[in-house]
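Enquirer: File follows, coords.txt with compact mmCIF, C-alpha atoms:
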# COMPACT_ATOMS: atom_id res chain seq x y z
CA MET A 1 15.41 10.63 3.17
CA GLN A 2 17.32 8.75 5.82
CA VAL A 3 15.09 7.20 8.49
CA ALA A 4 17.82 7.13 11.13
CA GLY A 5 16.72 9.19 14.12
CA LYS A 6 13.21 9.69 12.71
CA VAL A 7 9.73 8.81 14.02
CA VAL A 8 8.01 6.44 11.58
CA VAL A 9 4.40 5.23 11.49
CA VAL A 10 3.40 2.03 9.67
CA THR A 11 -0.26 1.08 9.25
CA GLY A 12 -1.05 -2.56 8.66
CA GLY A 13 2.13 -3.20 10.61
CA ALA A 14 1.14 -6.35 12.46
CA ASN A 15 2.08 -8.78 9.70
CA GLY A 16 3.24 -9.21 6.13
CA ILE A 17 4.83 -6.26 4.37
CA GLY A 18 3.94 -3.93 7.25
CA LYS A 19 5.77 -6.05 9.81
CA ALA A 20 8.80 -6.27 7.52
CA LEU A 21 8.75 -2.49 7.05
CA CYS A 22 8.73 -1.97 10.81
CA GLU A 23 11.71 -4.25 11.22
CA ALA A 24 13.58 -2.63 8.33
CA PHE A 25 13.06 0.88 9.70
CA HIS A 26 14.17 -0.23 13.15
CA GLY A 27 17.27 -1.80 11.62
CA ALA A 28 17.98 1.45 9.79
CA GLY A 29 18.03 3.36 13.07
CA ALA A 30 14.58 4.94 13.30
CA ALA A 31 14.12 6.74 16.60
CA LYS A 32 10.72 5.15 17.12
CA VAL A 33 8.60 2.86 14.95
CA ILE A 34 4.86 3.09 15.56
CA VAL A 35 3.04 -0.12 14.63
CA VAL A 36 -0.58 0.49 13.70
CA ASP A 37 -3.09 -2.25 12.94
CA LEU A 38 -6.65 -3.39 13.44
CA ASP A 39 -5.07 -6.41 15.16
CA GLY A 40 -3.90 -4.72 18.32
CA HIS A 41 -2.39 -7.86 19.85
CA ASN A 42 -0.05 -8.59 16.96
CA ALA A 43 0.73 -4.89 16.59
CA ARG A 44 1.97 -4.87 20.19
CA THR A 45 4.02 -8.01 19.53
CA VAL A 46 5.73 -6.43 16.52
CA ALA A 47 6.27 -3.19 18.43
CA ALA A 48 7.95 -5.06 21.26
CA GLY A 49 10.36 -6.61 18.78
CA VAL A 50 11.43 -3.23 17.40
CA HIS A 51 11.32 -1.32 20.70
CA GLY A 52 8.48 0.72 19.27
CA ALA A 53 4.91 1.52 20.21
CA ALA A 54 1.56 0.18 18.99
CA PHE A 55 -1.90 1.54 18.30
CA GLN A 56 -5.02 -0.38 17.40
CA CYS A 57 -6.65 1.44 14.52
CA ASP A 58 -9.18 1.00 11.75
CA VAL A 59 -7.65 3.02 8.92
CA ALA A 60 -11.06 3.28 7.26
CA LYS A 61 -12.05 5.69 10.05
CA GLU A 62 -10.65 9.21 9.92
CA LYS A 63 -10.91 9.65 13.68
CA ASP A 64 -8.70 6.59 14.23
CA ILE A 65 -5.97 7.89 11.95
CA LEU A 66 -6.13 11.33 13.55
CA HIS A 67 -5.81 9.70 16.98
CA VAL A 68 -2.69 7.83 15.86
CA ILE A 69 -1.13 11.01 14.48
CA ASP A 70 -2.00 13.13 17.52
CA GLU A 71 -0.85 10.57 20.08
CA THR A 72 2.34 9.68 18.21
CA GLU A 73 3.42 13.29 18.01
CA ARG A 74 2.39 13.98 21.60
CA GLN A 75 4.30 11.02 22.98
CA PHE A 76 7.24 10.61 20.64
CA GLY A 77 7.69 13.76 18.59
CA PRO A 78 7.07 14.83 14.98
CA ILE A 79 6.27 12.12 12.46
CA ALA A 80 8.83 12.20 9.66
CA LEU A 81 7.57 9.24 7.64
CA PHE A 82 4.00 7.94 7.48
CA CYS A 83 3.60 4.57 5.77
CA SER A 84 -0.01 4.06 4.71
CA ASN A 85 0.40 0.34 4.19
CA ALA A 86 -2.84 -1.34 5.31
CA GLY A 87 -4.71 -3.23 2.61
CA ILE A 88 -7.25 -5.98 2.05
CA GLY A 89 -7.69 -8.63 -0.61
CA GLY A 90 -11.46 -8.85 -0.53
CA GLY A 91 -13.73 -9.03 -3.54
CA PHE A 92 -11.73 -11.58 -5.53
CA ASP A 93 -13.86 -13.65 -7.89
CA PRO A 94 -11.86 -15.70 -10.40
CA LEU A 95 -14.97 -16.18 -12.55
CA SER A 96 -15.74 -12.45 -12.57
CA LEU A 97 -19.09 -12.93 -14.27
CA ASN A 98 -20.02 -9.27 -13.75
CA ALA A 99 -17.36 -6.60 -13.17
CA GLY A 100 -19.94 -4.52 -11.34
CA GLY A 101 -20.39 -7.24 -8.76
CA THR A 102 -23.55 -7.96 -6.84
CA SER A 103 -22.99 -5.85 -3.72
CA ASP A 104 -21.58 -2.47 -2.71
CA GLU A 105 -19.81 -3.92 0.34
CA PRO A 106 -16.48 -4.99 -1.24
CA TRP A 107 -16.35 -1.72 -3.17
CA ALA A 108 -17.02 0.42 -0.11
CA ARG A 109 -14.54 -1.39 2.13
CA SER A 110 -11.83 -1.40 -0.55
CA TRP A 111 -12.40 2.29 -1.22
CA ALA A 112 -12.20 3.15 2.47
CA ILE A 113 -8.96 1.25 3.08
CA HIS A 114 -7.14 1.61 -0.24
CA VAL A 115 -8.01 5.24 -0.94
CA MET A 116 -9.54 7.17 1.92
CA ALA A 117 -6.96 5.95 4.45
CA HIS A 118 -4.30 7.68 2.33
CA VAL A 119 -6.49 10.77 2.07
CA TYR A 120 -7.03 10.94 5.84
CA ALA A 121 -3.31 10.64 6.55
CA ALA A 122 -2.57 13.46 4.13
CA ARG A 123 -5.44 15.59 5.40
CA HIS A 124 -4.00 15.66 8.91
CA LEU A 125 -0.28 15.45 8.22
CA VAL A 126 0.18 17.84 5.31
CA PRO A 127 -0.43 20.96 7.46
CA ARG A 128 2.09 19.68 10.02
CA TYR A 129 4.62 18.76 7.34
CA LYS A 130 4.23 22.17 5.72
CA ALA A 131 4.76 23.93 9.04
CA ARG A 132 7.92 21.87 9.63
CA GLY A 133 9.30 22.34 6.13
CA GLY A 134 8.69 18.81 4.88
CA GLY A 135 7.85 15.19 5.55
CA TYR A 136 7.41 11.87 3.78
CA PHE A 137 4.54 9.59 2.76
CA LEU A 138 5.06 5.97 1.68
CA ASN A 139 1.82 4.56 0.31
CA THR A 140 1.77 0.81 -0.25
CA ILE A 141 -0.37 0.24 -3.32
CA SER A 142 0.29 -2.68 -5.67
CA ALA A 143 1.35 -3.43 -9.21
CA ALA A 144 -2.42 -3.78 -9.71
CA GLY A 145 -2.65 0.01 -9.45
CA LEU A 146 -0.31 0.36 -12.42
CA LEU A 147 -1.53 -2.65 -14.42
CA SER A 148 -4.75 -4.32 -13.27
CA GLN A 149 -5.98 -7.26 -11.22
CA VAL A 150 -7.77 -10.00 -13.10
CA GLY A 151 -10.57 -11.31 -10.92
CA SER A 152 -11.08 -8.28 -8.70
CA PRO A 153 -12.50 -5.10 -10.21
CA ALA A 154 -12.83 -3.51 -6.74
CA TYR A 155 -9.19 -4.16 -5.83
CA SER A 156 -7.91 -2.99 -9.21
CA THR A 157 -10.08 0.12 -9.31
CA THR A 158 -9.24 1.31 -5.81
CA LYS A 159 -5.53 0.65 -6.31
CA HIS A 160 -5.63 2.75 -9.49
CA ALA A 161 -7.33 5.50 -7.51
CA ALA A 162 -4.62 5.26 -4.86
CA VAL A 163 -1.97 5.85 -7.52
CA GLY A 164 -3.89 8.88 -8.75
CA PHE A 165 -4.12 10.36 -5.28
CA ALA A 166 -0.42 9.77 -4.59
CA GLU A 167 0.49 11.49 -7.85
CA ASN A 168 -1.61 14.49 -6.91
CA LEU A 169 -0.19 14.53 -3.38
CA ALA A 170 3.34 14.60 -4.79
CA ILE A 171 2.52 17.27 -7.36
CA SER A 172 0.55 19.51 -5.03
CA HIS A 173 3.13 19.53 -2.24
CA ARG A 174 6.51 19.20 -3.94
CA ALA A 175 7.13 22.90 -3.26
CA ASP A 176 6.37 22.28 0.43
CA GLY A 177 9.23 19.81 0.76
CA ILE A 178 6.83 16.87 1.06
CA LYS A 179 8.03 13.65 -0.56
CA VAL A 180 5.87 10.76 -1.72
CA SER A 181 6.70 7.19 -2.72
CA ILE A 182 4.36 4.44 -3.83
CA LEU A 183 5.33 0.83 -3.17
CA CYS A 184 3.94 -1.37 -5.95
CA PRO A 185 4.91 -5.04 -5.65
CA GLN A 186 3.33 -7.98 -7.41
CA GLY A 187 3.05 -11.25 -5.51
CA VAL A 188 4.43 -11.14 -1.97
CA ASP A 189 4.44 -14.19 0.30
CA THR A 190 1.88 -12.93 2.82
CA ASN A 191 -1.35 -14.16 4.36
CA MET A 192 -3.28 -11.94 1.93
CA LEU A 193 -1.70 -13.52 -1.16
CA ARG A 194 -2.31 -17.01 0.22
CA SER A 195 -5.97 -16.19 0.92
CA ILE A 196 -6.93 -15.25 -2.64
CA PRO A 197 -7.32 -17.38 -5.78
CA LYS A 198 -4.17 -17.79 -7.83
CA GLY A 199 -3.92 -15.37 -10.72
CA PRO A 200 -1.27 -13.71 -12.88
CA GLN A 201 0.30 -12.21 -9.75
CA SER A 202 1.08 -15.72 -8.51
CA GLY A 203 4.21 -17.51 -9.61
CA ASP A 204 5.76 -14.48 -11.32
CA GLY A 205 8.60 -14.13 -8.87
CA ASP A 206 6.80 -14.00 -5.52
CA LEU A 207 8.99 -12.12 -3.05
CA ALA A 208 9.46 -12.36 0.69
CA PRO A 209 8.09 -9.38 2.65
CA GLU A 210 11.61 -8.69 3.92
CA GLN A 211 12.88 -8.17 0.36
CA VAL A 212 10.01 -5.79 -0.39
CA ALA A 213 10.82 -3.85 2.79
CA ARG A 214 14.48 -3.58 1.79
CA ASP A 215 13.46 -2.25 -1.61
CA ALA A 216 11.09 0.23 0.05
CA LEU A 217 13.84 1.49 2.34
CA ALA A 218 16.20 1.94 -0.61
CA GLY A 219 13.51 3.78 -2.56
CA ILE A 220 12.85 6.14 0.35
CA GLU A 221 16.55 6.84 0.71
CA GLN A 222 16.66 7.72 -3.01
CA GLU A 223 13.31 9.55 -2.81
CA THR A 224 11.95 7.53 -5.75
CA PHE A 225 8.27 8.00 -6.51
CA VAL A 226 7.52 4.52 -7.92
CA ILE A 227 9.19 1.68 -6.03
CA LEU A 228 9.01 -1.60 -7.98
CA PRO A 229 10.32 -4.60 -6.03
CA HIS A 230 9.44 -6.72 -9.09
CA PRO A 231 11.45 -5.08 -11.91
CA GLN A 232 9.43 -6.91 -14.57
CA VAL A 233 6.46 -4.68 -13.73
CA LEU A 234 8.16 -1.82 -15.56
CA GLY A 235 8.23 -3.93 -18.72
CA TYR A 236 4.55 -4.78 -18.31
CA MET A 237 3.74 -1.08 -17.90
CA ARG A 238 5.59 -0.27 -21.11
CA LYS A 239 3.75 -2.99 -23.03
CA LYS A 240 0.45 -1.70 -21.68
CA THR A 241 1.04 1.87 -22.84
CA GLU A 242 2.65 0.88 -26.14
CA ASN A 243 -0.44 -1.01 -27.29
CA TYR A 244 -3.41 -0.81 -24.95
CA ASP A 245 -5.67 -2.93 -27.17
CA ARG A 246 -3.13 -5.75 -27.32
CA TRP A 247 -2.68 -5.54 -23.54
CA ILE A 248 -6.46 -5.75 -22.92
CA ALA A 249 -6.64 -8.77 -25.22
CA GLY A 250 -3.82 -10.47 -23.34
CA MET A 251 -5.43 -9.84 -19.96
CA ALA A 252 -8.75 -11.14 -21.32
CA LYS A 253 -6.99 -14.40 -22.22
CA ILE A 254 -5.76 -14.69 -18.64
CA GLN A 255 -9.31 -14.08 -17.42
CA ALA A 256 -10.60 -16.78 -19.77
CA LYS A 257 -8.07 -19.28 -18.39
CA MET A 258 -9.11 -18.44 -14.83
CA ARG A 259 -12.79 -18.96 -15.69
CA GLU A 260 -11.94 -22.31 -17.24
CA GLN A 261 -9.85 -23.38 -14.26
CA TYR A 262 -12.24 -22.29 -11.50
CA GLY A 263 -15.48 -22.92 -13.37
CA LYS A 264 -15.03 -26.66 -13.48
Any chance you could give the structure as structure tokens?

Expert:
Amino acid sequence: MQVAGKVVVVTGGANGIGKALCEAFHGAGAAKVIVVDLDGHNARTVAAGVHGAAFQCDVAKEKDILHVIDETERQFGPIALFCSNAGIGGGFDPLSLNAGGTSDEPWARSWAIHVMAHVYAARHLVPRYKARGGGYFLNTISAAGLLSQVGSPAYSTTKHAAVGFAENLAISHRADGIKVSILCPQGVDTNMLRSIPKGPQSGDGDLAPEQVARDALAGIEQETFVILPHPQVLGYMRKKTENYDRWIAGMAKIQAKMREQYGK
């Protein structure tokens, strides 16, 4: 899909990868870029820079996402591309003494933002896309959804679930002309990466958000399902599936090193 002349929505668009996506889509000639974020002030700042529009929104709330969809289409026309990009890095514990954690809160918040936000967007856009003969979803997930995330069971689990939903979305609606891509980078130089303990995602070719956005745009133009800004992730996926037991053992060694480092 070419974004030129299209209306595009980006959640989590006030900073990081989302901001870079907004700028990339504007540069590619999008008719209007809608910047959506819980941080309304920064969303408006980004929107001003791309001659777009901004909405303050908590993507964990279905009514907020529906409001964004309704108002965008009322004011600017049909949404052609919806980028469900918002994410959080909560629940990281480098010691990871109990994968089940001690509280439901990080699980519930991660589930709401990393999974249900994608579900809500599809719930309200699929009928519109079907009526119009097609549309596009870009769901920002993470390499953690394809591999894992040492030190955060909640992040890893919800990102895996996000991959599963995107697969089903693509399978269920391929005949409707609906396209789906998942953006799965490793380390990206954002506030979220800098706010969490260093792990295997750190120092393995951290990318600038602008590079990730360029890769996302290229993947959308090619209508690629899995977009991997870090090409080495494909090799890691192959090693994982070739010998799962060996892969688990290797990840356990990484966990042991993190416990040693942060347990001192």

Enquirer: Just how far from CA of His118 in chain A is CA of Ile141 in chain A, in Å to one decimal?

Expert: 10.1 Å

Enquirer: Excluding Gln255 in chain A and any residue of its chain fewer than 3 positions from it, enumerate the residues within 8 Å of it, using all atoms listed in the file, and give them as a VMD selection string.

Expert: chain A and resid 94 to 95 150 to 151 251 to 252 258 to 259

Enquirer: Looking at A:Lys179, A:His173, A:His114, A:His51, which one is nearest to Thr11 in chain A, with distances taken over all atoms listed in the file?

Expert: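 The shortest atom-to-atom distance to Thr11 in chain A comes from A:His114.
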
Enquirer: Which residue gives the smallest distance to Met1 in chain A among A:Glu223, A:Asp39, A:Glu260, A:Asp64, with all atoms listed in the file counted?

Expert: A:Glu223

Enquirer: Residues of range 146-236 of chain A that have any atom at most 12 Å from an atom of range 71-83 of chain A: could you tabulate them with the shortest-distance atom pair and the distance in Å to one decimal, using all atoms listed in the file, ordered by chain and increasing number, as JSON lines?

Expert:
{"residue": "A:Gly177", "atom": "CA", "partner": "A:Ala80", "partner_atom": "CA", "distance": 11.7}
{"residue": "A:Ile178", "atom": "CA", "partner": "A:Ala80", "partner_atom": "CA", "distance": 10.0}
{"residue": "A:Lys179", "atom": "CA", "partner": "A:Leu81", "partner_atom": "CA", "distance": 9.3}
{"residue": "A:Val180", "atom": "CA", "partner": "A:Leu81", "partner_atom": "CA", "distance": 9.6}
{"residue": "A:Ser181", "atom": "CA", "partner": "A:Cys83", "partner_atom": "CA", "distance": 9.4}
{"residue": "A:Ile182", "atom": "CA", "partner": "A:Cys83", "partner_atom": "CA", "distance": 9.6}
{"residue": "A:Leu183", "atom": "CA", "partner": "A:Cys83", "partner_atom": "CA", "distance": 9.8}
{"residue": "A:Ala213", "atom": "CA", "partner": "A:Cys83", "partner_atom": "CA", "distance": 11.5}
{"residue": "A:Ala216", "atom": "CA", "partner": "A:Cys83", "partner_atom": "CA", "distance": 10.4}
{"residue": "A:Leu217", "atom": "CA", "partner": "A:Cys83", "partner_atom": "CA", "distance": 11.2}
{"residue": "A:Ile220", "atom": "CA", "partner": "A:Leu81", "partner_atom": "CA", "distance": 9.5}
{"residue": "A:Glu221", "atom": "CA", "partner": "A:Leu81", "partner_atom": "CA", "distance": 11.6}
{"residue": "A:Glu223", "atom": "CA", "partner": "A:Leu81", "partner_atom": "CA", "distance": 11.9}

Enquirer: Quick one: of A:Trp247, A:Phe225, A:Phe25, A:Tyr129, who's nearest to Ala170 in chain A, counting all atoms listed in the file?

Expert: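 The answer is A:Phe225, which sits nearest to Ala170 in chain A.
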
Enquirer: Would you mind reading off the distance between CA of Thr102 in chain A and CA of Tyr244 in chain A, one decimal, in Å?

Expert: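 Answer for the CA of Thr102 in chain A to CA of Tyr244 in chain A separation: 28.0 Å.
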
Enquirer: What is the distance, in Å and to one decimal place, between CA of Cys57 in chain A and CA of Asn15 in chain A?

Expert: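 These atoms are spaced 14.3 Å apart.
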
Enquirer: Write out as an NGL selection string the residues lying within 10 Å of Trp107 in chain A, counting only C-alpha atoms and excluding same-chain residues fewer than 5 positions away.

Expert: :A and (90-91 or 100-101 or 112 or 153-155 or 157-158)

Enquirer: Give as a PyMOL selection string the set of residues within 12 Å of the point (-1.3, -5.3, 22.5), where distances use the file's coordinates and all atoms listed in the file.

Expert: chain A and resi 14+35-48+52-57

Enquirer: Which polymer residues, protein or nucleic acid, are no farther than 9 Å from (-2.7, 3.7, -6.6), counting all atoms listed in the file, as a VMD selection string?

Expert: chain A and resid 114 to 115 139 to 146 156 to 167 182 184

Enquirer: Can you list, as number ranges by chain, every protein, DNA or RNA residue that comes within 10 Å of Gln211 in chain A when you count all atoms listed in the file, leaving out same-chain residues fewer than 5 positions away?

Expert: A: 17, 20-21, 24, 188, 216-217, 229

Enquirer: Residues at most 8 Å from Gly29 in chain A, counting all atoms listed in the file, excluding those fewer than 4 positions away in the same chain, as number ranges by chain?

Expert: A: 3-6, 25

Enquirer: Have a look at A:Trp111, A:His26, A:Ala121, A:Asp93 and name the one nearest to Leu66 in chain A; count all atoms listed in the file.

Expert: A:Ala121
